[in-house]
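Asker: Can you keep this structure in mind? I'll have questions shortly.
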Amino acid sequence: MSRTEFIALIAMMFATIAFSIDAMLPGLPDIATELSPADPNRAQLILTSFVVGIGIGTFFVGPLSDTFGRKPVIIAGSALYIGAALLAYVSTSLEMVLAARALQGLGAAAPRIVSLAIMRDIYSGRIMARMMSIAMMIFTIFPAFAPLIGAGIISVLGWRGIFLAFVLFSVISVGWMTLRLPEPLPRSARRPFRPRVMLASLREMVAHPTVRLSIIVQTLCMGALFTNITMVQPVYDVVFDRADSFPFWFAAVAIVSGSASILNAVVVVRVGMRRMVTWSLAAQLVLSGAMIAIHGVPLSDTIEFAIFIVWQSSVFFMVGTTLGNLNAIAMEPMGHIAGMAASVIGAIATVCAAAIAAPVGLLFDGSIMPLVAGVFVMCAIGFALMLLMARAETRLAA
């Protein structure tokens with residue numbers, strides 16, 4: 001497999017989760033009308049139940065891939081993902097859809113997390129960060145079209161048709177991997193699946209200051225992303241009265257923000273991963289602070305919406321220049337336990353980010369301030385922790 005094909009495959013694996021979330025956004029009103037007319041807000045649980053499933057599955061798929069190999073675990077997870085999508089397709093109650101979505105999340109954890117371990121099996125250091133940035137660029141651009149794809153499917157097949165798209169997506173990605181990617185983890189390098197070994201690996205990760213800080217900062221950056229995704233539809237609908245054009249604006253914002261990964265891939269080899277993350281958080285801190293400062297200033301609806309679009313793009317841009325680098329920072333010292341490391345990093349960041357985003361989303365009051373203020377606080381804490389990471393790296397070097 002060439003490097004270009006490898007990046008494209010890893011990017012598609014990465015995109016499993018984003019596509020599974022973003023394509024559902026246009027269907028939430030229809031799902032609420034059909035399955036939860038008395039309480040439409042419950043339809044948003046379709047997103048959070050999927051994320052919870054991911055978080056639970058993430059704890060196990062990495063260690064399992066260290067024991068049984070990368071490809072078998074991805075194939076098994078994809079099979080669960082496909083089966084759960086078909087279950088959601090035939091569900092007649094919201095509760096059944098939520099259960100199916102949680103199972104989908106369990107299955108989706110395998111291609112997302114194990115692909116990180118595969119990346120670490122083959123590459124390391126700043127080259128790994130560059131490769132991951134390119135993959136993240138494709139990962140960002142492809143899901144940009146997910147709401148448009150979802151809206152198109154709904155117009156033809158209804159909201160249930162989105163789950164058939166998930167099946168097709170997974171069949172293509174896992175089939176591609178099965179046929180083209182050699183198993184990257186030889187049997188001689190595999191580790192037994194034992195709780196004692198897992199706990200020892202976990203202690204090793206927690207004890208490493210750089211790894212520990214990078215996980216916390218990744219949680220905050222992912223929390224900012226989840227908060228945006230959770231609140232973006234009501235903001236477009238209630239605040240700006242643009243529900244019908246939401247998929248097009250979402251696509252435009254994501255495509256523009258995809259340039260962040262291109263910039264990161266070019267610059268990170270020169271300046272380093274930690275500096276890129278620190279600079280990105282500092283920039284977002286300034287932009288979100290400016291949004292808070294101008295809140296309440298009388299502006300026309302068009303200007304206010306344009307400012308919000310620029311700010312939303314900046315948040316997605318920040319995500320594109322932080323998550324890949326933070327993953328690389330955390331994985332770099334953990335190459336000997338790459339599967340376990342990928343699981344712990346992904347599980348903690350995903351579950352805790354969802355726990356942060358959910359209550360912030362509930363604060364929606366018909367304005368953009370809960371969203372902007374939430375991102376501001378997360379970036380402020382993340383920026384402070386990156387300064388601590390710089391000191392920790394200095395101590396380790398000494």
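All residue names refer to the structure tokens as shown: chains lettered A, B, ... in order, residues numbered from 1 in each chain, ligands numbered from 1 in order.
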Set the distance at 12 Å and use only C-alpha atoms: which residues neighbour segment 193-199 of chain A once local chain neighbours fewer than 2 positions away are removed? I'd like the list as a compact mmCIF listing (two decimals) with C-alpha atoms, in the first residue's frame.

Answerer:
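Saved result, out.txt, follows:
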# COMPACT_ATOMS: atom_id res chain seq x y z
CA PHE A 59 -11.47 1.31 26.54
CA PHE A 60 -11.37 -2.19 25.07
CA VAL A 61 -10.63 -2.06 21.34
CA GLY A 62 -7.03 -0.87 21.74
CA PRO A 63 -5.96 -3.60 24.19
CA LEU A 64 -7.84 -6.18 22.13
CA SER A 65 -5.92 -5.08 19.05
CA ASP A 66 -2.65 -5.43 21.01
CA THR A 67 -3.64 -9.05 21.68
CA PHE A 68 -5.38 -10.24 18.52
CA GLY A 69 -3.98 -7.84 15.90
CA ARG A 190 1.40 -8.75 20.66
CA ARG A 191 0.58 -8.48 24.36
CA SER A 201 -0.05 0.31 31.21
CA LEU A 202 -2.65 2.75 32.53
CA ARG A 203 -0.43 3.66 35.49
CA GLU A 204 2.48 4.23 33.12
CA MET A 205 0.43 6.66 31.05
CA VAL A 206 -0.97 8.56 34.03
CA ILE A 337 1.73 -0.04 24.25
CA ALA A 338 0.22 1.80 21.28
CA GLY A 339 -3.12 -0.03 21.32
CA MET A 340 -3.68 0.47 25.03
CA ALA A 341 -2.56 4.10 24.78
CA SER A 343 -7.78 3.30 23.86
CA VAL A 344 -7.17 5.21 27.07

Asker: Counting only C-alpha atoms, which residues of segment 175-230 of chain A fall within 7 Å of segment 356-367 of chain A, and what is the closest atom pair for each with its distance in Å at one decimal, ordered by chain and rising number, as JSON lines?

Answerer:
{"residue": "A:Gly223", "atom": "CA", "partner": "A:Ala357", "partner_atom": "CA", "distance": 5.6}
{"residue": "A:Phe226", "atom": "CA", "partner": "A:Ala357", "partner_atom": "CA", "distance": 5.8}
{"residue": "A:Thr227", "atom": "CA", "partner": "A:Ala357", "partner_atom": "CA", "distance": 4.6}
{"residue": "A:Thr230", "atom": "CA", "partner": "A:Gly361", "partner_atom": "CA", "distance": 6.3}

Asker: Excluding segment 102-117 of chain A and any residue of its chain fewer than 5 positions from it, enumerate the residues within 7 Å of it, using only C-alpha atoms, and give them as a ChimeraX atom specification.

Answerer: /A:10,13-14,16-17,49-54,56-58,61-62,65,70,73-74,77-78,80-81,84-85,338-339,342-343,346

Asker: Please write the residues from the selection above to a file, keeping C-alpha atoms, as a tab-separated table (two decimals), in the first residue's frame.

Answerer:
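Everything below was put into out24.tsv:
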chain	number	residue	atom	x	y	z
A	10	ILE	CA	-6.82	5.99	7.73
A	13	MET	CA	-11.46	5.15	9.34
A	14	PHE	CA	-11.22	8.43	11.24
A	16	THR	CA	-16.53	6.87	10.68
A	17	ILE	CA	-17.46	8.68	13.87
A	49	SER	CA	-25.89	7.81	23.10
A	50	PHE	CA	-23.58	7.21	20.14
A	51	VAL	CA	-20.76	9.11	21.87
A	52	VAL	CA	-21.29	7.13	25.09
A	53	GLY	CA	-21.01	3.92	23.12
A	54	ILE	CA	-17.77	5.14	21.57
A	56	ILE	CA	-17.14	2.55	26.41
A	57	GLY	CA	-15.85	0.70	23.36
A	58	THR	CA	-12.69	2.76	23.25
A	61	VAL	CA	-10.63	-2.06	21.34
A	62	GLY	CA	-7.03	-0.87	21.74
A	65	SER	CA	-5.92	-5.08	19.05
A	70	ARG	CA	-5.27	-4.62	14.40
A	73	VAL	CA	-10.58	-6.03	15.87
A	74	ILE	CA	-11.53	-3.48	13.20
A	77	GLY	CA	-16.15	-3.66	15.39
A	78	SER	CA	-17.39	-2.86	11.90
A	80	LEU	CA	-21.22	-4.65	15.20
A	81	TYR	CA	-21.56	-1.16	13.70
A	84	ALA	CA	-26.60	-1.86	14.98
A	85	ALA	CA	-27.30	0.42	12.00
A	338	ALA	CA	0.22	1.80	21.28
A	339	GLY	CA	-3.12	-0.03	21.32
A	342	ALA	CA	-4.91	4.82	21.89
A	343	SER	CA	-7.78	3.30	23.86
A	346	GLY	CA	-9.65	8.14	23.10

Asker: Do you know which residues are at most 12 Å from segment 293-296 of chain A counting only C-alpha atoms, after dropping those on the same chain fewer than 6 positions away, and could you put them as a ChimeraX atom specification?

Answerer: /A:286-287,304,307-308,367-370,372-373,376

Asker: Find the residues of segment 301-322 of chain A that sit at most 7 Å from segment 255-265 of chain A; for each, write down the nearest two atoms and how far apart they are in Å, to one decimal. Count only C-alpha atoms. Sort by chain, then by number going up, and give it as a tab-separated table.

Answerer:
residue	atom	partner	partner_atom	distance
A:Ser313	CA	A:Ser257	CA	5.7
A:Phe316	CA	A:Ser257	CA	5.6
A:Phe317	CA	A:Ser257	CA	4.6
A:Gly320	CA	A:Ala260	CA	5.3
A:Thr321	CA	A:Ala260	CA	5.8

Asker: Record the distance separating atom CA of Pro298 of chain A and atom CA of Met231 of chain A, expressed in Å with one decimal.

Answerer: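 If I compute the distance from atom CA of Pro298 of chain A to atom CA of Met231 of chain A, I get 23.1 Å.
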
Asker: Rank A:Leu213, A:Ile292, A:Ile309, A:Ala243 by their smallest atom-to-atom distance to Ala151 of chain A, using only C-alpha atoms, and report the top residue only.

Answerer: A:Ala243

Asker: If you count only C-alpha atoms, which residues fall within 9 Å of Gly27 of chain A, apart from same-chain ones fewer than 3 positions away, as a PDB file with C-alpha atoms, in the first residue's frame?

Answerer:
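See selection_22.pdb below for the written result:
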ATOM      1  CA  ALA A  23     -25.234  12.917   8.923  1.00  0.00           C
ATOM      2  CA  MET A  24     -27.847  12.564  11.686  1.00  0.00           C
ATOM      3  CA  ASP A  30     -38.138  14.275  11.733  1.00  0.00           C
ATOM      4  CA  ILE A  31     -37.062  11.736  14.339  1.00  0.00           C
ATOM      5  CA  ALA A  32     -38.460  13.928  17.105  1.00  0.00           C
ATOM      6  CA  PRO A 147     -25.392  16.943   6.667  1.00  0.00           C
ATOM      7  CA  GLY A 150     -28.129  13.203   5.243  1.00  0.00           C
ATOM      8  CA  ALA A 151     -30.563  15.822   3.942  1.00  0.00           C
ATOM      9  CA  ILE A 154     -33.993  12.050   3.987  1.00  0.00           C
ATOM     10  CA  GLY A 158     -36.721   9.407   5.011  1.00  0.00           C
ATOM     11  CA  TRP A 159     -34.572   9.587   8.121  1.00  0.00           C
ATOM     12  CA  ARG A 160     -34.235   5.801   8.337  1.00  0.00           C
ATOM     13  CA  ILE A 162     -29.373   7.458   6.831  1.00  0.00           C
TER      14      ILE A 162
END

Asker: Tell me, in Å to one decimal, how far atom CA of Val375 of chain A is from atom CA of Pro234 of chain A.

Answerer: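 Between atom CA of Val375 of chain A and atom CA of Pro234 of chain A the gap works out to 16.7 Å.
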
Asker: Write out as a PyMOL selection string the residues lying within 12 Å of Leu181 of chain A, counting only C-alpha atoms and excluding same-chain residues fewer than 3 positions away.

Answerer: chain A and resi 1-3+5-10+70-72+74+115+118+122+173-178+184-185
